[in-house]
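Take a look at the structure below.
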Amino acid sequence: MLEKFLDELNKEATRKGVTENDVSGLDEHYTALFNKYIKLGQSEFDIIRHFGDPEKIISDYLLSGEIPPSDMDESLPAAFIPEFLIREDEIAAMDTDEISKKKEKTEYKHEVMSRKALIINDIFLITPGLLIAAFGVIALAVVSVFMTAGSVVQMFACWNLATTAEKWGGFALSVVVLVMSALFYVLIVWIVKLIVGYMRSYVKNHKECWEKNV
């Protein structure tokens, strides 16, 4: 199985113009890695699956100039098999139903992972975000109510001050506070609209992702 992998790797390297020295280095690297994990008890099939597709290996090598790392602890879908491991006569022998079943099995695994991601996102991101936003809106509303009530009371109380300057100064100050509280109300409405609009969009996208398993 290693020979088949190296053969496909060399073919792909030649096709993409990788030099002979580089090809030799790739062969040595994957041979040593293969022997290492064989001694550790890994099966040949699983080792080659974790090596991945030779075409992608060569493409990554040309981009970075380094041999792509192979993480043998990485979890691969059970149905994942590099194309070069599937013999052409086996592909031809597969009927349409069998191919569809394999595809459905792989898609189901992706579906489960996607739904798990959606649930985790809802629990750890969306829910805390909504709670924080709600607390902020409520706090801002309470402050606005106190500011409004205080400014109205001050408007009437300021006329009992001793001098005319104090009266008009107190009145002007209460008007400023009243205007600020009004701006806070506008801000509260804007924040609420923003949250509602975002949640409508999120719920719609969430529903579509759940149904499509994306």
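Labels used: A, B, ... for chains in the order of the structure tokens, numbers from 1 for residues in each chain, and numbers from 1 for ligands as shown.
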
* Extract, using only C-alpha atoms, all DNA, RNA and protein residues at most 12 Å from Gly25 in chain A, discarding same-chain residues fewer than 4 positions from it, and format them as an MDAnalysis selection string. => chainID A and resid 6 9:10 13 18:21 29:32 61 65:67

* **Residue among A:Leu33, A:Met1, A:Ala182, A:Ala157 lying closest to Ala141 in chain A, counting only C-alpha atoms** => A:Ala182

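Nearest to Val176 in chain A of all the residues A:Gly129, A:Phe124, A:Val152, A:Glu12 is A:Val152, based on only C-alpha atoms.
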
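Relative to CA of Met155 in chain A, CA of Lys167 in chain A is found at 9.0 Å.
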
* Structure fact -> Judged by only C-alpha atoms, the minimum distance to Tyr198 in chain A among A:Leu40, A:Cys158, A:Val175, A:Ile126 is found for A:Ile126

* Would you mind listing what lies within 10 Å of Phe156 in chain A as number ranges by chain, with only C-alpha atoms counted and same-chain residues fewer than 3 positions away left out? => A: 151-153, 159-160, 167, 170-171, 174

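With distances restricted to only C-alpha atoms, A:Leu2 is the closest residue to Phe45 in chain A from A:Ala172, A:Val196, A:Leu2, A:Leu125.
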
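Atom pair CA of Ala162 in chain A / CA of Leu178 in chain A: separated by 23.0 Å.
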
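Using only C-alpha atoms for every distance, the candidate list A:Arg200, A:Val189, A:Ser181, A:Arg115 yields A:Val189 as the residue closest to Val137 in chain A.
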
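Minimum atom-to-atom distance to Val143 in chain A, evaluated using only C-alpha atoms, belongs to A:Val177 out of A:Val203, A:Val177, A:Ile48, A:Cys209.
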
* Pro69 in chain A surroundings by only C-alpha atoms, 10 Å radius, close-in-sequence under 4 positions cut, as a VMD selection string -> chain A and resid 50 to 51 57
